[in-house]
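Chemist: My structure is in entry_22.pdb, and what it holds is PDB, C-alpha atoms and all ligand atoms:
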ATOM      1  CA  MET A   1       5.839   6.409 -14.378
ATOM      2  CA  ASP A   2       7.084   8.019 -11.181
ATOM      3  CA  LEU A   3       5.020   9.728  -8.494
ATOM      4  CA  THR A   4       5.896  13.022  -6.845
ATOM      5  CA  LEU A   5       4.487  14.376  -3.601
ATOM      6  CA  ARG A   6       4.875  18.142  -3.643
ATOM      7  CA  GLN A   7       4.504  20.045  -0.373
ATOM      8  CA  LEU A   8       1.589  17.773   0.478
ATOM      9  CA  ARG A   9      -0.565  18.993   3.372
ATOM     10  CA  PHE A  10      -3.675  17.386   4.771
ATOM     11  CA  ALA A  11      -5.909  17.664   7.839
ATOM     12  CA  TYR A  12      -9.305  16.064   8.400
ATOM     13  CA  ARG A  13     -12.093  18.620   8.832
ATOM     14  CA  GLY A  14     -11.658  20.326  12.198
ATOM     15  CA  GLY A  15      -8.612  18.200  13.041
ATOM     16  CA  ARG A  16      -4.908  18.837  13.496
ATOM     17  CA  PRO A  17      -2.622  18.532  10.428
ATOM     18  CA  VAL A  18      -1.873  14.875   9.629
ATOM     19  CA  LEU A  19       0.587  15.603   6.800
ATOM     20  CA  ASN A  20       2.509  18.808   7.012
ATOM     21  CA  GLY A  21       4.397  19.359   3.756
ATOM     22  CA  LEU A  22       5.567  16.007   2.370
ATOM     23  CA  ASP A  23       8.068  16.227  -0.473
ATOM     24  CA  THR A  24       9.430  13.174  -2.228
ATOM     25  CA  THR A  25       9.514  11.263  -5.515
ATOM     26  CA  LEU A  26       8.874   7.535  -5.816
ATOM     27  CA  ALA A  27      10.183   5.560  -8.784
ATOM     28  CA  ASP A  28       8.376   2.927 -10.827
ATOM     29  CA  GLY A  29       9.282  -0.725 -10.416
ATOM     30  CA  GLN A  30      10.117  -0.191  -6.742
ATOM     31  CA  LEU A  31       8.617  -1.485  -3.523
ATOM     32  CA  THR A  32       8.293   1.251  -0.914
ATOM     33  CA  ALA A  33       7.446   0.504   2.718
ATOM     34  CA  LEU A  34       5.585   3.133   4.704
ATOM     35  CA  LEU A  35       6.493   2.936   8.397
ATOM     36  CA  GLY A  36       5.283   4.976  11.350
ATOM     37  CA  VAL A  37       3.460   4.792  14.657
ATOM     38  CA  ASN A  38      -0.310   4.349  14.923
ATOM     39  CA  GLY A  39      -1.985   7.546  13.811
ATOM     40  CA  SER A  40       1.103   8.891  11.985
ATOM     41  CA  GLY A  41      -0.868   9.183   8.736
ATOM     42  CA  LYS A  42       0.071   6.079   6.711
ATOM     43  CA  SER A  43      -3.531   5.229   5.740
ATOM     44  CA  THR A  44      -4.251   8.895   5.109
ATOM     45  CA  LEU A  45      -1.274   9.178   2.744
ATOM     46  CA  LEU A  46      -2.306   6.005   0.866
ATOM     47  CA  LYS A  47      -5.869   7.352   0.503
ATOM     48  CA  LEU A  48      -4.490  10.655  -0.840
ATOM     49  CA  MET A  49      -2.368   8.769  -3.382
ATOM     50  CA  ALA A  50      -5.451   6.746  -4.386
ATOM     51  CA  GLY A  51      -7.470   9.939  -4.927
ATOM     52  CA  ILE A  52      -9.950   8.999  -2.161
ATOM     53  CA  LEU A  53      -8.922  12.081  -0.160
ATOM     54  CA  THR A  54      -7.904  15.440  -1.606
ATOM     55  CA  PRO A  55      -4.923  17.410  -0.248
ATOM     56  CA  ASN A  56      -5.577  20.753   1.461
ATOM     57  CA  SER A  57      -2.596  22.080  -0.457
ATOM     58  CA  GLY A  58       0.317  20.750  -2.480
ATOM     59  CA  ALA A  59      -0.002  18.098  -5.160
ATOM     60  CA  ILE A  60       0.414  14.458  -6.048
ATOM     61  CA  VAL A  61       1.806  14.317  -9.566
ATOM     62  CA  LEU A  62       1.910  11.286 -11.867
ATOM     63  CA  GLY A  63       5.091  11.643 -13.920
ATOM     64  CA  ALA A  64       5.947  11.111 -17.605
ATOM     65  CA  PRO A  65       4.318  10.371 -19.946
ATOM     66  CA  LEU A  66       1.185  11.689 -18.151
ATOM     67  CA  GLU A  67       2.630  14.607 -16.117
ATOM     68  CA  GLN A  68      -0.648  15.365 -14.368
ATOM     69  CA  SER A  69      -1.747  16.067 -10.852
ATOM     70  CA  LEU A  70      -4.279  13.576  -9.421
ATOM     71  CA  SER A  71      -6.638  16.484  -8.733
ATOM     72  CA  GLN A  72      -6.899  17.063 -12.509
ATOM     73  CA  LEU A  73      -8.102  13.495 -13.145
ATOM     74  CA  SER A  74     -11.578  11.958 -12.775
ATOM     75  CA  PRO A  75     -11.990   9.051 -10.308
ATOM     76  CA  ARG A  76     -12.248   6.690 -13.282
ATOM     77  CA  ARG A  77      -8.960   7.963 -14.775
ATOM     78  CA  ILE A  78      -7.249   7.715 -11.388
ATOM     79  CA  ALA A  79      -8.470   4.103 -11.116
ATOM     80  CA  GLN A  80      -6.803   3.351 -14.450
ATOM     81  CA  TYR A  81      -3.464   4.184 -12.825
ATOM     82  CA  CYS A  82      -3.830   3.612  -9.077
ATOM     83  CA  ALA A  83      -5.287   0.588  -7.275
ATOM     84  CA  TYR A  84      -5.874   0.741  -3.531
ATOM     85  CA  VAL A  85      -6.294  -2.071  -1.011
ATOM     86  CA  ALA A  86      -7.795  -0.862   2.275
ATOM     87  CA  GLN A  87      -6.881  -2.168   5.716
ATOM     88  CA  ASN A  88     -10.250  -3.897   6.162
ATOM     89  CA  THR A  89     -12.708  -4.974   3.511
ATOM     90  CA  GLN A  90     -16.312  -5.882   4.273
ATOM     91  CA  PRO A  91     -17.107  -9.128   2.474
ATOM     92  CA  ALA A  92     -19.772  -8.575  -0.193
ATOM     93  CA  THR A  93     -22.214 -11.232  -1.390
ATOM     94  CA  LEU A  94     -20.277 -11.705  -4.620
ATOM     95  CA  THR A  95     -18.234 -14.666  -5.752
ATOM     96  CA  VAL A  96     -14.463 -14.330  -5.772
ATOM     97  CA  PHE A  97     -14.517 -14.258  -9.596
ATOM     98  CA  ASP A  98     -17.156 -11.508  -9.833
ATOM     99  CA  TYR A  99     -15.424  -9.433  -7.158
ATOM    100  CA  VAL A 100     -12.059  -9.617  -8.948
ATOM    101  CA  LEU A 101     -13.842  -8.735 -12.201
ATOM    102  CA  LEU A 102     -14.799  -5.390 -10.573
ATOM    103  CA  GLY A 103     -11.122  -4.499 -10.961
ATOM    104  CA  ARG A 104     -11.689  -4.303 -14.734
ATOM    105  CA  LEU A 105     -14.385  -1.579 -14.466
ATOM    106  CA  PRO A 106     -12.068   1.429 -14.934
ATOM    107  CA  HIS A 107     -10.840  -0.046 -18.235
ATOM    108  CA  GLN A 108     -14.265  -0.890 -19.661
ATOM    109  CA  HIS A 109     -16.154   1.423 -22.008
ATOM    110  CA  GLY A 110     -18.906   2.734 -19.759
ATOM    111  CA  TRP A 111     -19.656   1.472 -16.256
ATOM    112  CA  SER A 112     -22.398  -0.897 -17.494
ATOM    113  CA  ALA A 113     -20.329  -2.419 -20.308
ATOM    114  CA  ARG A 114     -20.068  -6.188 -20.532
ATOM    115  CA  ALA A 115     -16.775  -7.830 -19.673
ATOM    116  CA  SER A 116     -14.657  -8.667 -22.717
ATOM    117  CA  VAL A 117     -12.763 -11.907 -23.258
ATOM    118  CA  ALA A 118      -9.595  -9.946 -22.413
ATOM    119  CA  ASP A 119     -11.182  -8.865 -19.080
ATOM    120  CA  LEU A 120     -12.118 -12.457 -18.223
ATOM    121  CA  ASN A 121      -8.624 -13.667 -19.132
ATOM    122  CA  GLN A 122      -7.105 -10.977 -16.945
ATOM    123  CA  VAL A 123      -9.277 -12.031 -13.996
ATOM    124  CA  GLU A 124      -8.269 -15.676 -14.473
ATOM    125  CA  ALA A 125      -4.599 -14.685 -14.598
ATOM    126  CA  CYS A 126      -4.925 -12.686 -11.351
ATOM    127  CA  LEU A 127      -6.778 -15.520  -9.591
ATOM    128  CA  ASN A 128      -4.006 -17.863 -10.677
ATOM    129  CA  GLN A 129      -1.333 -15.386  -9.554
ATOM    130  CA  MET A 130      -2.888 -15.211  -6.074
ATOM    131  CA  ASP A 131      -3.565 -18.997  -5.878
ATOM    132  CA  LEU A 132      -7.325 -18.382  -5.803
ATOM    133  CA  THR A 133      -8.436 -20.371  -8.858
ATOM    134  CA  ASP A 134     -10.057 -23.103  -6.748
ATOM    135  CA  LEU A 135     -12.049 -20.471  -4.832
ATOM    136  CA  ALA A 136     -13.371 -18.621  -7.925
ATOM    137  CA  GLY A 137     -16.988 -19.684  -7.285
ATOM    138  CA  THR A 138     -16.925 -19.147  -3.502
ATOM    139  CA  HIS A 139     -18.794 -16.196  -2.010
ATOM    140  CA  LEU A 140     -16.667 -13.604  -0.233
ATOM    141  CA  ASN A 141     -18.527 -14.069   3.060
ATOM    142  CA  GLN A 142     -17.443 -17.738   3.061
ATOM    143  CA  LEU A 143     -13.723 -16.946   2.887
ATOM    144  CA  SER A 144     -11.203 -16.905   5.737
ATOM    145  CA  GLY A 145      -9.632 -13.537   6.610
ATOM    146  CA  GLY A 146      -6.456 -14.443   4.712
ATOM    147  CA  GLN A 147      -8.336 -15.681   1.634
ATOM    148  CA  LEU A 148     -10.397 -12.480   1.626
ATOM    149  CA  GLN A 149      -7.208 -10.400   1.802
ATOM    150  CA  MET A 150      -5.706 -12.268  -1.181
ATOM    151  CA  THR A 151      -8.983 -11.769  -3.099
ATOM    152  CA  VAL A 152      -8.954  -8.017  -2.501
ATOM    153  CA  ILE A 153      -5.356  -7.864  -3.725
ATOM    154  CA  ALA A 154      -6.313  -9.924  -6.812
ATOM    155  CA  ARG A 155      -9.035  -7.335  -7.542
ATOM    156  CA  ALA A 156      -6.431  -4.572  -7.321
ATOM    157  CA  LEU A 157      -4.078  -6.484  -9.659
ATOM    158  CA  ALA A 158      -6.924  -6.982 -12.155
ATOM    159  CA  GLN A 159      -6.943  -3.186 -12.449
ATOM    160  CA  GLN A 160      -3.435  -3.494 -13.983
ATOM    161  CA  PRO A 161      -2.369  -0.422 -12.024
ATOM    162  CA  VAL A 162       0.778   1.586 -12.537
ATOM    163  CA  ILE A 163       0.749   2.269  -8.792
ATOM    164  CA  LEU A 164      -0.422  -0.347  -6.301
ATOM    165  CA  LEU A 165      -1.233   1.010  -2.827
ATOM    166  CA  LEU A 166      -1.677  -1.475   0.010
ATOM    167  CA  ASP A 167      -2.624  -0.666   3.593
ATOM    168  CA  GLU A 168      -1.117  -3.325   5.884
ATOM    169  CA  PRO A 169      -1.480  -6.059   3.228
ATOM    170  CA  THR A 170      -0.079  -8.869   5.382
ATOM    171  CA  ASN A 171      -2.799  -8.504   8.050
ATOM    172  CA  ASN A 172      -4.658 -11.793   8.482
ATOM    173  CA  LEU A 173      -1.930 -13.786   6.716
ATOM    174  CA  ASP A 174       0.080 -16.566   8.337
ATOM    175  CA  PRO A 175       3.913 -16.290   8.105
ATOM    176  CA  LYS A 176       4.162 -18.419   4.954
ATOM    177  CA  HIS A 177       1.441 -16.464   3.165
ATOM    178  CA  GLN A 178       3.043 -13.179   4.294
ATOM    179  CA  VAL A 179       6.305 -14.153   2.609
ATOM    180  CA  GLN A 180       4.486 -15.507  -0.460
ATOM    181  CA  LEU A 181       2.512 -12.272  -0.797
ATOM    182  CA  MET A 182       5.635 -10.102  -0.534
ATOM    183  CA  ASP A 183       7.327 -12.308  -3.132
ATOM    184  CA  LYS A 184       4.334 -11.903  -5.477
ATOM    185  CA  LEU A 185       4.390  -8.121  -4.984
ATOM    186  CA  ARG A 186       8.079  -8.043  -5.815
ATOM    187  CA  THR A 187       7.412 -10.076  -8.973
ATOM    188  CA  VAL A 188       4.674  -7.612  -9.988
ATOM    189  CA  SER A 189       7.017  -4.672  -9.435
ATOM    190  CA  ARG A 190       9.970  -6.266 -11.236
ATOM    191  CA  GLU A 191       8.128  -7.853 -14.170
ATOM    192  CA  GLN A 192       5.409  -5.262 -14.794
ATOM    193  CA  GLY A 193       7.248  -2.155 -13.564
ATOM    194  CA  THR A 194       4.442  -1.480 -11.068
ATOM    195  CA  MET A 195       5.210   0.918  -8.222
ATOM    196  CA  VAL A 196       4.160  -0.833  -5.018
ATOM    197  CA  ILE A 197       3.669   1.188  -1.830
ATOM    198  CA  PHE A 198       2.638  -0.653   1.328
ATOM    199  CA  SER A 199       2.224   0.269   4.984
ATOM    200  CA  MET A 200       3.333  -2.270   7.566
ATOM    201  CA  HIS A 201       4.081  -2.594  11.268
ATOM    202  CA  ASP A 202       6.453  -5.564  10.909
ATOM    203  CA  ILE A 203       9.704  -3.643  10.411
ATOM    204  CA  ASN A 204      11.842  -6.673   9.600
ATOM    205  CA  LEU A 205       9.414  -8.091   7.041
ATOM    206  CA  ALA A 206       9.124  -4.655   5.435
ATOM    207  CA  LEU A 207      12.903  -4.200   5.242
ATOM    208  CA  GLN A 208      13.422  -7.656   3.819
ATOM    209  CA  TRP A 209      11.324  -6.768   0.760
ATOM    210  CA  ALA A 210      11.298  -2.995   0.361
ATOM    211  CA  ASP A 211      13.631  -1.147  -2.012
ATOM    212  CA  ARG A 212      13.144   1.984   0.058
ATOM    213  CA  VAL A 213      11.325   3.102   3.171
ATOM    214  CA  MET A 214       9.331   6.218   3.958
ATOM    215  CA  LEU A 215       9.372   7.011   7.668
ATOM    216  CA  LEU A 216       6.306   9.083   8.547
ATOM    217  CA  HIS A 217       7.000  11.134  11.630
ATOM    218  CA  GLN A 218       5.098  14.107  13.039
ATOM    219  CA  GLY A 219       3.502  14.953   9.708
ATOM    220  CA  GLY A 220       6.720  14.758   7.678
ATOM    221  CA  LEU A 221       9.407  12.329   6.567
ATOM    222  CA  LEU A 222      12.037  11.468   9.147
ATOM    223  CA  ARG A 223      14.756  11.514   6.524
ATOM    224  CA  HIS A 224      14.702  12.176   2.833
ATOM    225  CA  ASP A 225      17.612  10.212   1.382
ATOM    226  CA  PRO A 226      16.227   6.834   0.250
ATOM    227  CA  THR A 227      19.728   5.462  -0.410
ATOM    228  CA  GLN A 228      20.701   5.783   3.262
ATOM    229  CA  LEU A 229      20.393   2.551   5.260
ATOM    230  CA  LEU A 230      17.937   2.509   8.136
ATOM    231  CA  THR A 231      19.594   2.751  11.551
ATOM    232  CA  THR A 232      18.552   1.837  15.085
ATOM    233  CA  ALA A 233      18.581   5.605  15.806
ATOM    234  CA  ASP A 234      15.989   6.170  13.034
ATOM    235  CA  LEU A 235      13.727   3.502  14.507
ATOM    236  CA  SER A 236      14.182   4.778  18.054
ATOM    237  CA  THR A 237      13.076   8.253  16.954
ATOM    238  CA  LEU A 238      10.240   6.878  14.838
ATOM    239  CA  PHE A 239       8.730   4.559  17.427
ATOM    240  CA  GLY A 240       9.787   6.376  20.611
ATOM    241  CA  MET A 241      11.635   3.456  22.160
ATOM    242  CA  PRO A 242      15.199   2.133  21.961
ATOM    243  CA  TYR A 243      16.088  -0.312  19.194
ATOM    244  CA  GLN A 244      19.013  -2.680  18.784
ATOM    245  CA  MET A 245      20.319  -4.859  15.983
ATOM    246  CA  VAL A 246      20.107  -8.535  16.857
ATOM    247  CA  GLU A 247      22.015 -11.299  15.067
ATOM    248  CA  THR A 248      20.081 -14.548  14.816
ATOM    249  CA  ARG A 249      21.619 -18.041  14.844
ATOM    250  CA  ASN A 250      21.645 -18.103  11.025
ATOM    251  CA  HIS A 251      23.518 -14.758  10.992
ATOM    252  CA  GLN A 252      20.612 -12.627   9.847
ATOM    253  CA  HIS A 253      20.279  -9.176  11.360
ATOM    254  CA  TRP A 254      16.991  -8.006  12.800
ATOM    255  CA  PHE A 255      15.874  -4.775  14.375
ATOM    256  CA  TRP A 256      14.434  -5.465  17.788
ATOM    257  CA  PRO A 257      13.310  -3.235  20.707
ATOM    258  CA  ALA A 258      16.068  -2.870  23.304
ATOM    259  CA  LEU A 259      13.936  -3.723  26.303
ATOM    260  CA  ASN A 260      16.494  -3.102  29.016
ATOM    261  CA  GLY A 261      15.147   0.355  29.786
ATOM    262  CA  SER A 262      11.716   1.629  30.684
ATOM    263  CA  LEU A 263       9.328   2.704  27.953
ATOM    264  CA  LYS A 264       8.118   6.281  28.030
TER     265      LYS A 264
HETATM  266  N1  LIG A 301     -11.976   9.831   8.824
HETATM  267  C1  LIG A 301     -11.245  10.503   9.719
HETATM  268  N2  LIG A 301     -11.730  11.629  10.283
HETATM  269  C2  LIG A 301     -10.997  12.332  11.171
HETATM  270  N3  LIG A 301      -9.757  11.991  11.572
HETATM  271  C3  LIG A 301      -9.228  10.865  11.047
HETATM  272  C4  LIG A 301      -9.940  10.064  10.098
HETATM  273  N4  LIG A 301      -9.160   9.019   9.740
HETATM  274  C5  LIG A 301      -8.019   9.152  10.444
HETATM  275  N5  LIG A 301      -8.043  10.254  11.212
HETATM  276  C6  LIG A 301      -6.965  10.750  12.089
HETATM  277  O1  LIG A 301      -5.831  11.016  11.263
HETATM  278  C7  LIG A 301      -4.631  10.622  11.914
HETATM  279  C8  LIG A 301      -3.871   9.649  11.008
HETATM  280  O2  LIG A 301      -4.636   8.464  10.900
HETATM  281  P1  LIG A 301      -4.207   7.283   9.919
HETATM  282  O3  LIG A 301      -5.302   6.276   9.938
HETATM  283  O4  LIG A 301      -3.808   7.852   8.620
HETATM  284  O5  LIG A 301      -2.906   6.720  10.667
HETATM  285  P2  LIG A 301      -2.082   5.377  10.435
HETATM  286  O6  LIG A 301      -0.643   5.757  10.467
HETATM  287  O7  LIG A 301      -2.577   4.668   9.250
HETATM  288  O8  LIG A 301      -2.467   4.559  11.753
HETATM  289  P3  LIG A 301      -2.494   2.975  12.068
HETATM  290  O9  LIG A 301      -1.073   2.500  12.088
HETATM  291  O10 LIG A 301      -3.108   2.930  13.430
HETATM  292  O11 LIG A 301      -3.350   2.294  11.021
HETATM  293  C9  LIG A 301      -5.038  10.032  13.261
HETATM  294  O12 LIG A 301      -4.868  11.041  14.234
HETATM  295  C10 LIG A 301      -6.514   9.709  13.084
HETATM  296  O13 LIG A 301      -7.211   9.833  14.296
END
The structure given in the file should be rewritten as C-alpha cells.
Ligand SMILES: Nc1ncnc2c1ncn2[C@@H]1O[C@H](COP(=O)(O)OP(=O)(O)OP(=O)(O)O)[C@@H](O)[C@H]1O

Modeler:
Amino acid sequence: MDLTLRQLRFAYRGGRPVLNGLDTTLADGQLTALLGVNGSGKSTLLKLMAGILTPNSGAIVLGAPLEQSLSQLSPRRIAQYCAYVAQNTQPATLTVFDYVLLGRLPHQHGWSARASVADLNQVEACLNQMDLTDLAGTHLNQLSGGQLQMTVIARALAQQPVILLLDEPTNNLDPKHQVQLMDKLRTVSREQGTMVIFSMHDINLALQWADRVMLLHQGGLLRHDPTQLLTTADLSTLFGMPYQMVETRNHQHWFWPALNGSLK
C-alpha cells in the first residue's frame, strides 16, 4: 500500500504555516528518512500521517487496495494501518509485556475485548524481535532510556502496521543499538512490506539505511526526485552551512560540515 501526500498544508492554530503544499508518494517496503532543521516540521508531518493532526487542506491518501484519505477513517481504523512512535514517551506503570499488548487494541473486537492467543503470540514475537523477552515483566519506569525506546517500538510493531512512523527513533540508543535498530527496521520493511518513515538528525546514519530521503525545507520538499543522489549542495541549503564529502580510512564516504568558514 503506498501513501500519497496531496497539496498538504498545515499550520498550528494562530501560527505560521508549517507545511505549505507537500506533494509526494511513498512506496511500500521502503525506508524513508525525513531530514530537516529543528522546527522544519518533521514531527508535525509524522503526526499528520498518523492521524493525530488533521491537515488544514490537502489530503493524505492510503493507496490500493484501500484508496482512502486518512480524514475519512476513524482513529481505530487509522491505527490498524499506521503506528506512530513519538520522540519522547512518558513511562507508564505497566510492565513491558502489558504495554506492548496495547499495540493489539486496534485489531481487537471492541476496546475492552480480552487478548486472544494470537495477540499474545504477536506480543511475544515483537518482544523477541526487539530483544526484550528478558524484560517482559519489568515495569516501564524501571527501564533505561534505550530499553524504553525499544519497548515503544515493539508496541508499534505489535500493531502490525502497514506504515510505521518513527520520530527520531535512535534517540537514547548507543551506537551498536542504533545500528541494530536500523537493521531491524530494514528487516521489517523488506520481509513484511512495511513502509517505514523516520526522522533523524544523524545524516550519515539515515543515508546508510534509507531507500529515499525527504528533505523538509521552508514548508516544502527541497527536491522531489527520490532517485537523485543527495549532494553536499542539498545539505548546505537544508542546514544553512557548508558541507563536504569526507573519505574515511576504510574508504567510506561521509557528509560532514565544512568548518573552514564562519557559520551564519
Ligand atoms: N503543539 C504545537 N503548537 C504550536 N506550534 C507548534 C506545536 N508543535 C510544534 N509547533 C511549531 O511547529 C513548527 C514545526 O515543529 P516540529 O516539531 O514539527 O519540527 P521538527 O522538524 O520536528 O523539529 P525538531 O527537529 O526540533 O524535533 C515549529 O515552529 C514549532 O514551534

Chemist: Could you list the protein, DNA and RNA residues that have any atom within 9 Å of ligand LIG 301 (chain A), counting all atoms listed in the file, and write them as a PyMOL selection string?

Modeler: chain A and resi 11-19+34-47+87+167-168+199-201+216

Chemist: Can you list what the PyMOL selection byres (((chain A and resi 140) around 12) and not hetatm) grabs from this structure, as an MDAnalysis selection string?

Modeler: chainID A and resid 89:100 132 135:139 141:152

Chemist: Calculate how many Å separate CA of Ala115 (chain A) from CA of Ala86 (chain A), rounding to one decimal.

Modeler: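 So the two atoms, CA of Ala115 (chain A) and CA of Ala86 (chain A), lie 24.7 Å apart.
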
Chemist: Tell me which protein, DNA and RNA residues are within 10 Å of Val179 (chain A), counting all atoms listed in the file, leaving out same-chain ones fewer than 5 positions away, and put them as a list in words.

Modeler: Thr170, Leu173, Asp174, Lys184, Leu185, Leu205, Gln208 and Trp209 of chain A

Chemist: Could you please determine the separation between CA of Met195 (chain A) and CA of Ala210 (chain A) in Å, to one decimal place?

Modeler: 11.2 Å

Chemist: Find the residues near Arg9 (chain A): any atom within 9 Å, counting all atoms listed in the file, skip ones fewer than 5 places away on the same chain, and give them as a list in words.

Modeler: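 In the requested format, the answer is Pro17, Val18, Leu19, Asn20, Gly21, Leu22, Pro55, Asn56, Ser57, Gly58, Ala59 and Gly219 of chain A.
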
Chemist: Find the distance between CA of Ala154 (chain A) and CA of Asn204 (chain A) and write it in Å to one decimal.

Modeler: 24.7 Å

Chemist: Given the file shown, enumerate the residues that the PyMOL selection byres (((chain A and resi 242) around 9) and not hetatm) captures and present them as a compact mmCIF listing (two decimals) with C-alpha atoms, keeping the file's coordinate frame.

Modeler:
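Ended up saving to selection.txt:
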# COMPACT_ATOMS: atom_id res chain seq x y z
CA THR A 232 18.55 1.84 15.08
CA ALA A 233 18.58 5.60 15.81
CA LEU A 235 13.73 3.50 14.51
CA SER A 236 14.18 4.78 18.05
CA THR A 237 13.08 8.25 16.95
CA PHE A 239 8.73 4.56 17.43
CA GLY A 240 9.79 6.38 20.61
CA MET A 241 11.64 3.46 22.16
CA TYR A 243 16.09 -0.31 19.19
CA GLN A 244 19.01 -2.68 18.78
CA TRP A 256 14.43 -5.46 17.79
CA PRO A 257 13.31 -3.24 20.71
CA ALA A 258 16.07 -2.87 23.30
CA LEU A 259 13.94 -3.72 26.30
CA ASN A 260 16.49 -3.10 29.02
CA GLY A 261 15.15 0.36 29.79
CA LEU A 263 9.33 2.70 27.95

Chemist: Show which residues sit within 12 Å of Arg77 (chain A), as a list of chain:residue names. Count all atoms listed in the file, and ignore same-chain residues fewer than 2 positions away.

Modeler: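 My reading of the contact set: A:Ala50, A:Gly51, A:Leu62, A:Leu66, A:Gln68, A:Ser69, A:Leu70, A:Ser71, A:Gln72, A:Leu73, A:Ser74, A:Pro75, A:Ala79, A:Gln80, A:Tyr81, A:Cys82, A:Ala83, A:Leu105, A:Pro106, A:His107, A:Gln108, A:Gln159, A:Pro161, A:Val162.
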
Chemist: Next, the residues of the selection above should be written as an mmCIF file, in the frame of the given file with C-alpha atoms.

Modeler:
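Below you can see out_19.cif, which holds the result:
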data_model
loop_
_atom_site.group_PDB
_atom_site.id
_atom_site.type_symbol
_atom_site.label_atom_id
_atom_site.label_comp_id
_atom_site.auth_asym_id
_atom_site.auth_seq_id
_atom_site.Cartn_x
_atom_site.Cartn_y
_atom_site.Cartn_z
ATOM 1 C CA ALA A 50 -5.451 6.746 -4.386
ATOM 2 C CA GLY A 51 -7.470 9.939 -4.927
ATOM 3 C CA LEU A 62 1.910 11.286 -11.867
ATOM 4 C CA LEU A 66 1.185 11.689 -18.151
ATOM 5 C CA GLN A 68 -0.648 15.365 -14.368
ATOM 6 C CA SER A 69 -1.747 16.067 -10.852
ATOM 7 C CA LEU A 70 -4.279 13.576 -9.421
ATOM 8 C CA SER A 71 -6.638 16.484 -8.733
ATOM 9 C CA GLN A 72 -6.899 17.063 -12.509
ATOM 10 C CA LEU A 73 -8.102 13.495 -13.145
ATOM 11 C CA SER A 74 -11.578 11.958 -12.775
ATOM 12 C CA PRO A 75 -11.990 9.051 -10.308
ATOM 13 C CA ALA A 79 -8.470 4.103 -11.116
ATOM 14 C CA GLN A 80 -6.803 3.351 -14.450
ATOM 15 C CA TYR A 81 -3.464 4.184 -12.825
ATOM 16 C CA CYS A 82 -3.830 3.612 -9.077
ATOM 17 C CA ALA A 83 -5.287 0.588 -7.275
ATOM 18 C CA LEU A 105 -14.385 -1.579 -14.466
ATOM 19 C CA PRO A 106 -12.068 1.429 -14.934
ATOM 20 C CA HIS A 107 -10.840 -0.046 -18.235
ATOM 21 C CA GLN A 108 -14.265 -0.890 -19.661
ATOM 22 C CA GLN A 159 -6.943 -3.186 -12.449
ATOM 23 C CA PRO A 161 -2.369 -0.422 -12.024
ATOM 24 C CA VAL A 162 0.778 1.586 -12.537
#

Chemist: Up to 12 Å from (3.0, 4.2, -12.2) in the file's coordinates: name the residues, counting all atoms listed in the file, as a ChimeraX atom specification.

Modeler: /A:1-4,25-31,49-50,61-68,78-83,160-165,189,192-197

Chemist: Could you give me the axis-aligned bounding box of region 204-213 of chain A, with 6 Å of padding per side, as centre plus edge lengths in Å to one decimal, as lines of an AutoDock Vina configuration file?

Modeler:
center_x = 11.4
center_y = -2.5
center_z = 3.8
size_x = 16.5
size_y = 23.2
size_z = 23.6

Chemist: So which one's closest to Leu238 (chain A), A:Ala158, A:Val188, A:Leu222, A:Leu207? Using all atoms listed in the file, please.

Modeler: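 Checking each of A:Ala158, A:Val188, A:Leu222, A:Leu207 against Leu238 (chain A), counting all atoms listed in the file, the winner is A:Leu222.
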
Chemist: Compare A:Leu120, A:Ala33, A:Gln180, A:Leu230 by their minimum atom-to-atom distance to Val213 (chain A), counting all atoms listed in the file, and give me the closest one.

Modeler: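 Closest to Val213 (chain A), using all atoms listed in the file: A:Ala33.
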
Chemist: Out of A:Leu102, A:Asn121, A:Arg114, A:Glu191, which residue has the shortest atom-to-atom distance to Ile153 (chain A) when counting only C-alpha atoms?

Modeler: A:Leu102

Chemist: My list of candidates is A:Gln129, A:Leu48, A:Leu229, A:Gln218. Which is closest to Leu181 (chain A) when distances are computed with all atoms listed in the file?

Modeler: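 Of all the options, A:Gln129 lies closest to Leu181 (chain A).
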
Chemist: Could you check which of A:Pro169, A:Pro175, A:Gly103, A:Gly220 is closest to Leu8 (chain A), using all atoms listed in the file?

Modeler: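 Counting all atoms listed in the file, the residue closest to Leu8 (chain A) is A:Gly220.
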
Chemist: Any chance you could turn region 34-52 of chain A into a file with C-alpha atoms, as a short mmCIF file (atom, residue, chain, number, x, y, z; two decimals), in the first residue's frame?

Modeler:
data_model
loop_
_atom_site.label_atom_id
_atom_site.label_comp_id
_atom_site.auth_asym_id
_atom_site.auth_seq_id
_atom_site.Cartn_x
_atom_site.Cartn_y
_atom_site.Cartn_z
CA LEU A 34 12.88 12.68 6.95
CA LEU A 35 15.62 15.30 7.28
CA GLY A 36 15.42 18.99 8.12
CA VAL A 37 16.46 21.62 10.63
CA ASN A 38 14.86 21.95 14.07
CA GLY A 39 11.35 23.28 13.64
CA SER A 40 11.13 22.39 9.92
CA GLY A 41 8.02 20.28 10.55
CA LYS A 42 9.27 16.67 10.70
CA SER A 43 7.29 15.78 13.85
CA THR A 44 4.29 17.67 12.54
CA LEU A 45 4.35 15.70 9.27
CA LEU A 46 4.66 12.37 11.14
CA LYS A 47 1.71 13.33 13.38
CA LEU A 48 -0.36 14.22 10.28
CA MET A 49 0.48 10.84 8.72
CA ALA A 50 -0.51 9.13 11.99
CA GLY A 51 -3.87 10.94 12.01
CA ILE A 52 -3.03 12.75 15.28
#
